file structure.cif (mmCIF, N, CA and C atoms)
data_final
#
loop_
_atom_site.label_atom_id
_atom_site.label_comp_id
_atom_site.auth_asym_id
_atom_site.auth_seq_id
_atom_site.Cartn_x
_atom_site.Cartn_y
_atom_site.Cartn_z
N THR A 9 0.83 -1.19 0.00
CA THR A 9 0.00 0.00 0.00
C THR A 9 0.87 1.25 0.00
N LEU A 10 0.33 2.29 -0.56
CA LEU A 10 1.06 3.56 -0.61
C LEU A 10 1.04 4.24 0.75
N PRO A 11 2.09 5.00 1.07
CA PRO A 11 2.06 5.78 2.31
C PRO A 11 0.90 6.76 2.27
N ILE A 12 0.46 7.19 3.43
CA ILE A 12 -0.69 8.09 3.55
C ILE A 12 -0.53 9.32 2.67
N LEU A 13 0.66 9.93 2.67
CA LEU A 13 0.84 11.17 1.93
C LEU A 13 0.72 11.00 0.42
N GLN A 14 0.95 9.81 -0.11
CA GLN A 14 0.90 9.60 -1.55
C GLN A 14 -0.49 9.24 -2.04
N ARG A 15 -1.44 9.15 -1.18
CA ARG A 15 -2.81 8.83 -1.58
C ARG A 15 -3.61 10.12 -1.71
N SER A 16 -4.56 10.13 -2.65
CA SER A 16 -5.40 11.31 -2.78
C SER A 16 -6.42 11.31 -1.64
N SER A 17 -6.97 12.46 -1.35
CA SER A 17 -7.96 12.56 -0.27
C SER A 17 -9.17 11.68 -0.55
N MET A 18 -9.58 11.59 -1.81
CA MET A 18 -10.75 10.77 -2.14
C MET A 18 -10.45 9.29 -1.93
N GLU A 19 -9.21 8.85 -2.22
CA GLU A 19 -8.84 7.44 -1.99
C GLU A 19 -8.92 7.12 -0.50
N LEU A 20 -8.38 8.00 0.32
CA LEU A 20 -8.39 7.76 1.76
C LEU A 20 -9.81 7.63 2.29
N ILE A 21 -10.70 8.49 1.84
CA ILE A 21 -12.08 8.49 2.33
C ILE A 21 -12.86 7.33 1.72
N ALA A 22 -12.71 7.09 0.42
CA ALA A 22 -13.44 6.02 -0.26
C ALA A 22 -13.05 4.64 0.28
N GLU A 23 -11.80 4.46 0.66
CA GLU A 23 -11.33 3.17 1.17
C GLU A 23 -11.66 2.98 2.65
N ASN A 24 -12.30 3.96 3.28
CA ASN A 24 -12.50 3.91 4.73
C ASN A 24 -11.18 3.62 5.43
N ARG A 25 -10.14 4.29 4.97
CA ARG A 25 -8.79 4.07 5.47
C ARG A 25 -8.71 4.32 6.96
N LYS A 26 -8.03 3.43 7.66
CA LYS A 26 -7.85 3.59 9.10
C LYS A 26 -6.41 3.98 9.39
N VAL A 27 -6.25 4.89 10.35
CA VAL A 27 -4.94 5.29 10.83
C VAL A 27 -5.00 5.25 12.36
N TRP A 28 -3.83 5.18 12.97
CA TRP A 28 -3.77 5.20 14.44
C TRP A 28 -3.95 6.62 14.95
N ILE A 29 -4.78 6.76 15.96
CA ILE A 29 -4.95 8.04 16.65
C ILE A 29 -3.95 8.02 17.81
N PRO A 30 -2.86 8.78 17.71
CA PRO A 30 -1.89 8.79 18.80
C PRO A 30 -2.39 9.65 19.95
N ASP A 31 -1.95 9.35 21.13
CA ASP A 31 -2.31 10.15 22.31
C ASP A 31 -3.82 10.27 22.48
N HIS A 32 -4.53 9.18 22.19
CA HIS A 32 -5.98 9.17 22.41
C HIS A 32 -6.21 9.43 23.90
N PRO A 33 -7.21 10.22 24.27
CA PRO A 33 -7.38 10.60 25.67
C PRO A 33 -7.62 9.45 26.65
N THR A 34 -8.14 8.32 26.18
CA THR A 34 -8.40 7.21 27.12
C THR A 34 -7.68 5.92 26.75
N GLU A 35 -7.20 5.78 25.52
CA GLU A 35 -6.67 4.48 25.08
C GLU A 35 -5.23 4.51 24.57
N ALA A 36 -4.52 5.58 24.72
CA ALA A 36 -3.14 5.74 24.23
C ALA A 36 -3.12 5.77 22.70
N TYR A 37 -3.40 4.66 22.06
CA TYR A 37 -3.56 4.60 20.60
C TYR A 37 -4.89 3.94 20.32
N LEU A 38 -5.57 4.40 19.29
CA LEU A 38 -6.83 3.79 18.89
C LEU A 38 -6.96 3.93 17.38
N PRO A 39 -7.47 2.91 16.69
CA PRO A 39 -7.67 3.07 15.26
C PRO A 39 -8.83 4.01 14.99
N GLY A 40 -8.70 4.78 13.94
CA GLY A 40 -9.77 5.69 13.55
C GLY A 40 -9.87 5.73 12.03
N ARG A 41 -11.03 6.12 11.55
CA ARG A 41 -11.30 6.19 10.12
C ARG A 41 -11.06 7.61 9.62
N VAL A 42 -10.34 7.73 8.50
CA VAL A 42 -10.11 9.04 7.89
C VAL A 42 -11.43 9.51 7.30
N GLU A 43 -11.93 10.62 7.82
CA GLU A 43 -13.19 11.16 7.34
C GLU A 43 -12.99 12.28 6.32
N GLU A 44 -11.90 13.02 6.51
CA GLU A 44 -11.67 14.17 5.63
C GLU A 44 -10.20 14.55 5.64
N VAL A 45 -9.73 15.07 4.52
CA VAL A 45 -8.39 15.62 4.45
C VAL A 45 -8.54 17.12 4.57
N LEU A 46 -7.93 17.69 5.62
CA LEU A 46 -8.06 19.11 5.92
C LEU A 46 -6.91 19.91 5.32
N ASP A 47 -7.08 21.21 5.28
CA ASP A 47 -6.00 22.10 4.86
C ASP A 47 -4.86 22.01 5.87
N GLY A 48 -3.69 22.36 5.44
CA GLY A 48 -2.55 22.38 6.35
C GLY A 48 -1.94 21.00 6.57
N GLY A 49 -2.24 20.05 5.70
CA GLY A 49 -1.64 18.72 5.81
C GLY A 49 -2.15 17.92 6.99
N LYS A 50 -3.43 18.10 7.32
CA LYS A 50 -4.00 17.35 8.44
C LYS A 50 -5.12 16.44 7.96
N LEU A 51 -5.37 15.41 8.75
CA LEU A 51 -6.47 14.48 8.49
C LEU A 51 -7.48 14.61 9.62
N LEU A 52 -8.76 14.55 9.28
CA LEU A 52 -9.81 14.48 10.28
C LEU A 52 -10.13 13.01 10.43
N VAL A 53 -9.90 12.47 11.64
CA VAL A 53 -10.04 11.04 11.91
C VAL A 53 -11.08 10.85 13.00
N VAL A 54 -11.96 9.87 12.80
CA VAL A 54 -13.05 9.59 13.74
C VAL A 54 -12.82 8.24 14.39
N ASP A 55 -12.91 8.20 15.73
CA ASP A 55 -12.75 6.90 16.41
C ASP A 55 -14.08 6.16 16.46
N GLU A 56 -14.10 4.99 17.09
CA GLU A 56 -15.29 4.13 17.09
C GLU A 56 -16.48 4.73 17.84
N THR A 57 -16.23 5.73 18.69
CA THR A 57 -17.33 6.36 19.42
C THR A 57 -17.85 7.61 18.71
N GLY A 58 -17.18 8.00 17.60
CA GLY A 58 -17.59 9.19 16.87
C GLY A 58 -16.80 10.44 17.22
N GLU A 59 -15.88 10.32 18.19
CA GLU A 59 -15.06 11.47 18.56
C GLU A 59 -14.08 11.77 17.43
N LYS A 60 -13.87 13.07 17.15
CA LYS A 60 -13.04 13.48 16.02
C LYS A 60 -11.70 14.02 16.50
N PHE A 61 -10.67 13.71 15.69
CA PHE A 61 -9.31 14.12 15.99
C PHE A 61 -8.65 14.64 14.73
N GLU A 62 -7.78 15.63 14.88
CA GLU A 62 -6.97 16.11 13.77
C GLU A 62 -5.58 15.55 13.94
N ILE A 63 -5.09 14.90 12.87
CA ILE A 63 -3.77 14.27 12.91
C ILE A 63 -2.98 14.79 11.72
N ALA A 64 -1.72 15.12 11.95
CA ALA A 64 -0.85 15.55 10.85
C ALA A 64 -0.68 14.38 9.89
N ALA A 65 -0.97 14.60 8.62
CA ALA A 65 -0.90 13.53 7.62
C ALA A 65 0.50 12.93 7.53
N LYS A 66 1.52 13.76 7.70
CA LYS A 66 2.89 13.24 7.59
C LYS A 66 3.25 12.32 8.75
N GLU A 67 2.51 12.40 9.85
CA GLU A 67 2.77 11.54 11.01
C GLU A 67 1.77 10.40 11.14
N ALA A 68 0.78 10.34 10.25
CA ALA A 68 -0.26 9.32 10.33
C ALA A 68 0.32 7.95 10.01
N GLN A 69 0.01 6.99 10.88
CA GLN A 69 0.43 5.60 10.67
C GLN A 69 -0.78 4.79 10.23
N SER A 70 -0.68 4.17 9.10
CA SER A 70 -1.76 3.35 8.57
C SER A 70 -1.97 2.12 9.45
N VAL A 71 -3.23 1.69 9.60
CA VAL A 71 -3.58 0.51 10.40
C VAL A 71 -3.72 -0.68 9.47
N ASP A 72 -2.94 -1.71 9.72
CA ASP A 72 -3.09 -2.96 8.98
C ASP A 72 -4.32 -3.67 9.54
N PRO A 73 -5.26 -4.11 8.70
CA PRO A 73 -6.49 -4.76 9.20
C PRO A 73 -6.23 -5.95 10.12
N ALA A 74 -5.12 -6.65 9.93
CA ALA A 74 -4.80 -7.79 10.79
C ALA A 74 -4.57 -7.35 12.24
N CYS A 75 -4.26 -6.08 12.44
CA CYS A 75 -3.99 -5.58 13.79
C CYS A 75 -5.26 -5.35 14.60
N LEU A 76 -6.42 -5.46 13.98
CA LEU A 76 -7.67 -5.13 14.67
C LEU A 76 -8.36 -6.32 15.31
N THR A 77 -7.91 -7.54 15.02
CA THR A 77 -8.65 -8.72 15.45
C THR A 77 -8.19 -9.34 16.75
N GLY A 78 -6.98 -9.11 17.17
CA GLY A 78 -6.48 -9.71 18.40
C GLY A 78 -5.87 -11.07 18.15
N VAL A 79 -4.62 -11.10 17.69
CA VAL A 79 -3.94 -12.35 17.38
C VAL A 79 -3.24 -12.90 18.62
N ASP A 80 -3.05 -14.23 18.68
CA ASP A 80 -2.42 -14.82 19.86
C ASP A 80 -0.90 -14.72 19.85
N ASP A 81 -0.30 -14.41 18.69
CA ASP A 81 1.14 -14.24 18.59
C ASP A 81 1.41 -12.90 17.90
N LEU A 82 2.03 -11.99 18.62
CA LEU A 82 2.25 -10.65 18.08
C LEU A 82 3.13 -10.63 16.83
N LEU A 83 3.93 -11.66 16.63
CA LEU A 83 4.76 -11.70 15.43
C LEU A 83 3.95 -11.93 14.17
N SER A 84 2.68 -12.31 14.32
CA SER A 84 1.83 -12.49 13.15
C SER A 84 1.05 -11.23 12.79
N LEU A 85 1.28 -10.14 13.51
CA LEU A 85 0.63 -8.88 13.16
C LEU A 85 1.14 -8.36 11.83
N GLY A 86 0.28 -7.66 11.10
CA GLY A 86 0.69 -7.07 9.83
C GLY A 86 1.72 -5.97 10.04
N ASP A 87 1.61 -5.24 11.13
CA ASP A 87 2.57 -4.20 11.51
C ASP A 87 2.98 -4.48 12.95
N PHE A 88 4.25 -4.39 13.23
CA PHE A 88 4.71 -4.58 14.61
C PHE A 88 5.14 -3.22 15.14
N THR A 89 4.14 -2.42 15.53
CA THR A 89 4.38 -1.09 16.06
C THR A 89 3.83 -1.02 17.48
N GLU A 90 4.19 0.01 18.20
CA GLU A 90 3.67 0.20 19.56
C GLU A 90 2.14 0.25 19.54
N ALA A 91 1.57 0.97 18.58
CA ALA A 91 0.12 1.10 18.49
C ALA A 91 -0.53 -0.26 18.24
N ALA A 92 0.01 -1.02 17.30
CA ALA A 92 -0.56 -2.34 16.98
C ALA A 92 -0.45 -3.29 18.16
N LEU A 93 0.70 -3.29 18.83
CA LEU A 93 0.90 -4.16 19.99
C LEU A 93 -0.10 -3.82 21.10
N LEU A 94 -0.20 -2.55 21.46
CA LEU A 94 -1.11 -2.15 22.54
C LEU A 94 -2.57 -2.45 22.20
N HIS A 95 -2.96 -2.18 20.96
CA HIS A 95 -4.34 -2.43 20.58
C HIS A 95 -4.65 -3.93 20.58
N ASN A 96 -3.71 -4.74 20.09
CA ASN A 96 -3.90 -6.18 20.07
C ASN A 96 -4.10 -6.73 21.49
N VAL A 97 -3.26 -6.30 22.41
CA VAL A 97 -3.38 -6.77 23.80
C VAL A 97 -4.70 -6.28 24.40
N ARG A 98 -5.11 -5.07 24.08
CA ARG A 98 -6.39 -4.54 24.58
C ARG A 98 -7.57 -5.35 24.06
N VAL A 99 -7.56 -5.69 22.76
CA VAL A 99 -8.64 -6.48 22.17
C VAL A 99 -8.71 -7.85 22.84
N ARG A 100 -7.55 -8.48 23.02
CA ARG A 100 -7.53 -9.81 23.64
C ARG A 100 -7.99 -9.75 25.10
N TYR A 101 -7.57 -8.72 25.83
CA TYR A 101 -7.98 -8.56 27.22
C TYR A 101 -9.50 -8.43 27.33
N ALA A 102 -10.10 -7.69 26.42
CA ALA A 102 -11.56 -7.51 26.42
C ALA A 102 -12.29 -8.83 26.17
N GLU A 103 -11.61 -9.77 25.53
CA GLU A 103 -12.19 -11.09 25.25
C GLU A 103 -11.75 -12.14 26.27
N ASP A 104 -11.18 -11.70 27.39
CA ASP A 104 -10.65 -12.56 28.44
C ASP A 104 -9.52 -13.47 27.97
N ASP A 105 -8.81 -13.07 26.93
CA ASP A 105 -7.59 -13.75 26.49
C ASP A 105 -6.43 -12.97 27.06
N ILE A 106 -6.00 -13.36 28.28
CA ILE A 106 -5.01 -12.55 28.98
C ILE A 106 -3.58 -12.91 28.63
N TYR A 107 -3.38 -13.98 27.86
CA TYR A 107 -2.03 -14.40 27.46
C TYR A 107 -1.83 -14.13 25.98
N THR A 108 -0.73 -13.45 25.66
CA THR A 108 -0.38 -13.15 24.27
C THR A 108 1.10 -13.45 24.10
N GLY A 109 1.44 -14.20 23.06
CA GLY A 109 2.82 -14.55 22.80
C GLY A 109 3.52 -13.57 21.90
N VAL A 110 4.84 -13.57 22.01
CA VAL A 110 5.71 -12.85 21.08
C VAL A 110 6.70 -13.92 20.62
N GLY A 111 6.33 -14.62 19.54
CA GLY A 111 7.11 -15.79 19.16
C GLY A 111 6.87 -16.87 20.20
N SER A 112 7.77 -17.82 20.31
CA SER A 112 7.55 -18.88 21.29
C SER A 112 8.19 -18.62 22.65
N PRO A 113 9.27 -17.83 22.77
CA PRO A 113 9.88 -17.73 24.10
C PRO A 113 9.30 -16.65 25.01
N ILE A 114 8.48 -15.74 24.48
CA ILE A 114 8.02 -14.61 25.30
C ILE A 114 6.51 -14.67 25.44
N LEU A 115 6.04 -14.48 26.66
CA LEU A 115 4.61 -14.48 26.94
C LEU A 115 4.25 -13.20 27.69
N ILE A 116 3.26 -12.48 27.17
CA ILE A 116 2.73 -11.30 27.85
C ILE A 116 1.48 -11.75 28.59
N SER A 117 1.42 -11.45 29.87
CA SER A 117 0.27 -11.84 30.68
C SER A 117 -0.28 -10.59 31.37
N LEU A 118 -1.59 -10.38 31.25
CA LEU A 118 -2.25 -9.25 31.90
C LEU A 118 -3.11 -9.76 33.03
N ASN A 119 -3.05 -9.09 34.17
CA ASN A 119 -3.87 -9.47 35.31
C ASN A 119 -5.31 -9.04 35.05
N PRO A 120 -6.25 -10.00 35.00
CA PRO A 120 -7.64 -9.63 34.71
C PRO A 120 -8.38 -9.05 35.91
N TYR A 121 -7.79 -9.12 37.10
CA TYR A 121 -8.42 -8.63 38.33
C TYR A 121 -9.80 -9.26 38.55
N GLN A 122 -9.96 -10.48 38.05
CA GLN A 122 -11.20 -11.23 38.26
C GLN A 122 -10.93 -12.68 37.89
N ASN A 123 -11.80 -13.55 38.33
CA ASN A 123 -11.71 -14.96 37.96
C ASN A 123 -12.28 -15.13 36.54
N ILE A 124 -11.55 -15.82 35.70
CA ILE A 124 -12.03 -16.11 34.35
C ILE A 124 -12.37 -17.60 34.32
N PRO A 125 -13.66 -17.93 34.28
CA PRO A 125 -14.05 -19.34 34.29
C PRO A 125 -13.41 -20.11 33.13
N GLY A 126 -12.88 -21.28 33.45
CA GLY A 126 -12.31 -22.16 32.44
C GLY A 126 -10.90 -21.81 32.01
N LEU A 127 -10.32 -20.75 32.56
CA LEU A 127 -8.99 -20.32 32.13
C LEU A 127 -7.95 -21.41 32.34
N TYR A 128 -8.05 -22.14 33.43
CA TYR A 128 -7.07 -23.19 33.72
C TYR A 128 -7.71 -24.57 33.70
N SER A 129 -8.75 -24.74 32.92
CA SER A 129 -9.41 -26.05 32.81
C SER A 129 -8.48 -27.05 32.14
N ALA A 130 -8.77 -28.34 32.30
CA ALA A 130 -7.97 -29.39 31.67
C ALA A 130 -7.95 -29.21 30.15
N GLU A 131 -9.09 -28.82 29.58
CA GLU A 131 -9.18 -28.61 28.13
C GLU A 131 -8.25 -27.49 27.67
N LYS A 132 -8.25 -26.36 28.40
CA LYS A 132 -7.39 -25.23 28.06
C LYS A 132 -5.91 -25.61 28.21
N GLN A 133 -5.59 -26.32 29.30
CA GLN A 133 -4.21 -26.74 29.52
C GLN A 133 -3.73 -27.64 28.38
N ARG A 134 -4.59 -28.53 27.93
CA ARG A 134 -4.25 -29.43 26.83
C ARG A 134 -4.00 -28.62 25.55
N ALA A 135 -4.87 -27.64 25.28
CA ALA A 135 -4.71 -26.81 24.08
C ALA A 135 -3.40 -26.02 24.12
N TYR A 136 -3.05 -25.47 25.30
CA TYR A 136 -1.79 -24.73 25.43
C TYR A 136 -0.59 -25.65 25.24
N ARG A 137 -0.66 -26.87 25.81
CA ARG A 137 0.44 -27.83 25.65
C ARG A 137 0.63 -28.19 24.18
N GLN A 138 -0.48 -28.47 23.49
CA GLN A 138 -0.41 -28.83 22.07
C GLN A 138 0.13 -27.66 21.24
N ALA A 139 -0.32 -26.46 21.54
CA ALA A 139 0.17 -25.29 20.82
C ALA A 139 1.65 -25.08 21.07
N GLY A 140 2.07 -25.27 22.32
CA GLY A 140 3.49 -25.13 22.66
C GLY A 140 4.35 -26.15 21.94
N GLY A 141 3.87 -27.40 21.87
CA GLY A 141 4.60 -28.45 21.15
C GLY A 141 4.66 -28.16 19.66
N ALA A 142 3.56 -27.66 19.12
CA ALA A 142 3.54 -27.33 17.69
C ALA A 142 4.49 -26.19 17.39
N ARG A 143 4.54 -25.20 18.25
CA ARG A 143 5.46 -24.06 18.04
C ARG A 143 6.90 -24.52 18.13
N ALA A 144 7.17 -25.40 19.10
CA ALA A 144 8.53 -25.91 19.25
C ALA A 144 8.95 -26.66 17.99
N ALA A 145 8.00 -27.29 17.31
CA ALA A 145 8.29 -28.02 16.08
C ALA A 145 8.29 -27.10 14.86
N GLY A 146 7.98 -25.81 15.05
CA GLY A 146 8.02 -24.85 13.96
C GLY A 146 6.68 -24.52 13.35
N ALA A 147 5.59 -25.11 13.85
CA ALA A 147 4.25 -24.83 13.32
C ALA A 147 3.65 -23.64 14.06
N PRO A 148 2.71 -22.93 13.43
CA PRO A 148 2.04 -21.81 14.12
C PRO A 148 1.16 -22.33 15.25
N GLY A 149 0.86 -21.46 16.21
CA GLY A 149 0.02 -21.83 17.36
C GLY A 149 -1.43 -21.90 16.99
N PRO A 150 -2.33 -22.01 18.02
CA PRO A 150 -3.78 -22.16 17.76
C PRO A 150 -4.40 -20.95 17.13
#
call {"tool": "encode", "arguments": {"input": "structure.cif", "output": "structure tokens"}}
result
Amino acid sequence: TLPILQRSSMELIAENRKVWIPDHPTEAYLPGRVEEVLDGGKLLVVDETGEKFEIAAKEAQSVDPACLTGVDDLLSLGDFTEAALLHNVRVRYAEDDIYTGVGSPILISLNPYQNIPGLYSAEKQRAYRQAGGARAAGAPGP
């Protein structure tokens, strides 16, 4: 894909292009949709709640769609940026997936501050063991 600056304003809007909103007031980074290209090299970006932000086009980071779903291994993200990493962990946390890998040797764990039913069930333990064995053999995880 072309960098943000090389796209016409109509392409950005027609494609429902998403960029990261840096310094979001509550979420640090959040994906937003480019609604308009403003004068002065700025983009008008709308987050999922409808709040609007002005972002300098030259600093806008495009959002890879793979970064929005919450992958179990951060190395499989389309972009490996601070914004993508934080958003991925946030999406997984909201789904009670508190463990996220970075390749096979690194595990990120977030404290859910609550009991998550089935988190340590025999079935889950078996799935984690199988995924770990598959990764050790070079195959992707679950």
call {"tool": "residues_around", "arguments": {"input": "structure.cif", "residues": "Arg41 (chain A)", "least_positions_apart": "4", "cutoff": "7 Å", "atoms": "only C-alpha atoms", "output": "PyMOL selection string"}}
result
chain A and resi 24-27+53-55
call {"tool": "residues_around", "arguments": {"input": "structure.cif", "residues": "Val71 (chain A)", "least_positions_apart": "6", "cutoff": "12 Å", "atoms": "only C-alpha atoms", "output": "JSON, numbers by chain"}}
result
{"A": [9, 11, 12, 24, 25, 26, 27, 28, 29, 30, 37, 38, 39, 40, 41, 42, 77, 85, 86, 87, 88, 89, 90, 91, 92, 93, 95, 96]}
call {"tool": "select_by_dssp", "arguments": {"input": "structure.cif", "residues": "chain A", "states": "strand (DSSP E or B)", "output": "PyMOL selection string"}}
result
chain A and resi 26-32+36-46+50-54+60-64+70+81+107-110+114-117
call {"tool": "residues_near_point", "arguments": {"input": "structure.cif", "point": "(2.0, 15.6, 11.6)", "cutoff": "10 Å", "atoms": "only C-alpha atoms", "output": "list in words"}}
result
Gly48, Gly49, Lys50, Leu51, Glu62, Ile63, Ala64, Ala65, Lys66, Glu67 and Ala68 of chain A
call {"tool": "atom_distance", "arguments": {"input": "structure.cif", "atom1": "CA of Ile124 (chain A)", "atom2": "atom N of Ile106 (chain A)"}}
result
9.0 Å
call {"tool": "residues_around", "arguments": {"input": "structure.cif", "residues": "Asp104 (chain A)", "least_positions_apart": "4", "cutoff": "10 Å", "atoms": "only C-alpha atoms", "output": "PDB file with N, CA and C atoms, keeping the file's coordinate frame"}}
result
ATOM      1  N   ARG A  98      -5.110  -5.070  24.080  1.00  0.00           N
ATOM      2  CA  ARG A  98      -6.390  -4.540  24.580  1.00  0.00           C
ATOM      3  C   ARG A  98      -7.570  -5.350  24.060  1.00  0.00           C
ATOM      4  N   VAL A  99      -7.560  -5.690  22.760  1.00  0.00           N
ATOM      5  CA  VAL A  99      -8.640  -6.480  22.170  1.00  0.00           C
ATOM      6  C   VAL A  99      -8.710  -7.850  22.840  1.00  0.00           C
ATOM      7  N   ARG A 100      -7.550  -8.480  23.020  1.00  0.00           N
ATOM      8  CA  ARG A 100      -7.530  -9.810  23.640  1.00  0.00           C
ATOM      9  C   ARG A 100      -7.990  -9.750  25.100  1.00  0.00           C
ATOM     10  N   LEU A 118      -1.590 -10.380  31.250  1.00  0.00           N
ATOM     11  CA  LEU A 118      -2.250  -9.250  31.900  1.00  0.00           C
ATOM     12  C   LEU A 118      -3.110  -9.760  33.030  1.00  0.00           C
ATOM     13  N   PRO A 120      -6.250 -10.000  35.000  1.00  0.00           N
ATOM     14  CA  PRO A 120      -7.640  -9.630  34.710  1.00  0.00           C
ATOM     15  C   PRO A 120      -8.380  -9.050  35.910  1.00  0.00           C
ATOM     16  N   GLN A 122      -9.960 -10.480  38.050  1.00  0.00           N
ATOM     17  CA  GLN A 122     -11.200 -11.230  38.260  1.00  0.00           C
ATOM     18  C   GLN A 122     -10.930 -12.680  37.890  1.00  0.00           C
ATOM     19  N   ASN A 123     -11.800 -13.550  38.330  1.00  0.00           N
ATOM     20  CA  ASN A 123     -11.710 -14.960  37.960  1.00  0.00           C
ATOM     21  C   ASN A 123     -12.280 -15.130  36.540  1.00  0.00           C
ATOM     22  N   ILE A 124     -11.550 -15.820  35.700  1.00  0.00           N
ATOM     23  CA  ILE A 124     -12.030 -16.110  34.350  1.00  0.00           C
ATOM     24  C   ILE A 124     -12.370 -17.600  34.320  1.00  0.00           C
ATOM     25  N   PRO A 125     -13.660 -17.930  34.280  1.00  0.00           N
ATOM     26  CA  PRO A 125     -14.050 -19.340  34.290  1.00  0.00           C
ATOM     27  C   PRO A 125     -13.410 -20.110  33.130  1.00  0.00           C
ATOM     28  N   LEU A 127     -10.320 -20.750  32.560  1.00  0.00           N
ATOM     29  CA  LEU A 127      -8.990 -20.320  32.130  1.00  0.00           C
ATOM     30  C   LEU A 127      -7.950 -21.410  32.340  1.00  0.00           C
TER      31      LEU A 127
END
call {"tool": "select_by_dssp", "arguments": {"input": "structure.cif", "residues": "region 93-146 of chain A", "states": "helix (DSSP H, G or I)", "output": "MDAnalysis selection string"}}
result
chainID A and resid 93:102 130:144
call {"tool": "resolve_selection", "arguments": {"input": "structure.cif", "expression": "the PyMOL selection byres (((chain A and resi 108 and name CA) around 7) and name CA)", "output": "PDB file with N, CA and C atoms, in the frame of the given file"}}
result
ATOM      1  N   ASP A  80      -3.050 -14.230  18.680  1.00  0.00           N
ATOM      2  CA  ASP A  80      -2.420 -14.820  19.860  1.00  0.00           C
ATOM      3  C   ASP A  80      -0.900 -14.720  19.850  1.00  0.00           C
ATOM      4  N   ASP A  81      -0.300 -14.410  18.690  1.00  0.00           N
ATOM      5  CA  ASP A  81       1.140 -14.240  18.590  1.00  0.00           C
ATOM      6  C   ASP A  81       1.410 -12.900  17.900  1.00  0.00           C
ATOM      7  N   ILE A 106      -6.000 -13.360  28.280  1.00  0.00           N
ATOM      8  CA  ILE A 106      -5.010 -12.550  28.980  1.00  0.00           C
ATOM      9  C   ILE A 106      -3.580 -12.910  28.630  1.00  0.00           C
ATOM     10  N   TYR A 107      -3.380 -13.980  27.860  1.00  0.00           N
ATOM     11  CA  TYR A 107      -2.030 -14.400  27.460  1.00  0.00           C
ATOM     12  C   TYR A 107      -1.830 -14.130  25.980  1.00  0.00           C
ATOM     13  N   GLY A 109       1.440 -14.200  23.060  1.00  0.00           N
ATOM     14  CA  GLY A 109       2.820 -14.550  22.800  1.00  0.00           C
ATOM     15  C   GLY A 109       3.520 -13.570  21.900  1.00  0.00           C
ATOM     16  N   VAL A 110       4.840 -13.570  22.010  1.00  0.00           N
ATOM     17  CA  VAL A 110       5.710 -12.850  21.080  1.00  0.00           C
ATOM     18  C   VAL A 110       6.700 -13.920  20.620  1.00  0.00           C
ATOM     19  N   LEU A 115       6.040 -14.480  26.660  1.00  0.00           N
ATOM     20  CA  LEU A 115       4.610 -14.480  26.940  1.00  0.00           C
ATOM     21  C   LEU A 115       4.250 -13.200  27.690  1.00  0.00           C
ATOM     22  N   ILE A 116       3.260 -12.480  27.170  1.00  0.00           N
ATOM     23  CA  ILE A 116       2.730 -11.300  27.850  1.00  0.00           C
ATOM     24  C   ILE A 116       1.480 -11.750  28.590  1.00  0.00           C
ATOM     25  N   SER A 117       1.420 -11.450  29.870  1.00  0.00           N
ATOM     26  CA  SER A 117       0.270 -11.840  30.680  1.00  0.00           C
ATOM     27  C   SER A 117      -0.280 -10.590  31.370  1.00  0.00           C
TER      28      SER A 117
END
call {"tool": "atom_distance", "arguments": {"input": "structure.cif", "atom1": "CA of Asp105 (chain A)", "atom2": "atom N of Glu56 (chain A)"}}
result
22.0 Å
call {"tool": "decode", "arguments": {"input": "structure.cif", "residues": "region 65-94 of chain A", "atoms": "C-alpha atoms", "output": "CSV table (one decimal), in the first residue's frame"}}
result
chain,number,residue,atom,x,y,z
A,65,ALA,CA,-0.9,13.5,7.6
A,66,LYS,CA,2.9,13.2,7.6
A,67,GLU,CA,2.8,11.5,11.0
A,68,ALA,CA,-0.3,9.3,10.3
A,69,GLN,CA,0.4,5.6,10.7
A,70,SER,CA,-1.8,3.3,8.6
A,71,VAL,CA,-3.6,0.5,10.4
A,72,ASP,CA,-3.1,-3.0,9.0
A,73,PRO,CA,-6.5,-4.8,9.2
A,74,ALA,CA,-4.8,-7.8,10.8
A,75,CYS,CA,-4.0,-5.6,13.8
A,76,LEU,CA,-7.7,-5.1,14.7
A,77,THR,CA,-8.7,-8.7,15.4
A,78,GLY,CA,-6.5,-9.7,18.4
A,79,VAL,CA,-3.9,-12.4,17.4
A,80,ASP,CA,-2.4,-14.8,19.9
A,81,ASP,CA,1.1,-14.2,18.6
A,82,LEU,CA,2.2,-10.6,18.1
A,83,LEU,CA,4.8,-11.7,15.4
A,84,SER,CA,1.8,-12.5,13.1
A,85,LEU,CA,0.6,-8.9,13.2
A,86,GLY,CA,0.7,-7.1,9.8
A,87,ASP,CA,2.6,-4.2,11.5
A,88,PHE,CA,4.7,-4.6,14.6
A,89,THR,CA,4.4,-1.1,16.1
A,90,GLU,CA,3.7,0.2,19.6
A,91,ALA,CA,0.1,1.1,18.5
A,92,ALA,CA,-0.6,-2.3,17.0
A,93,LEU,CA,0.9,-4.2,20.0
A,94,LEU,CA,-1.1,-2.2,22.5
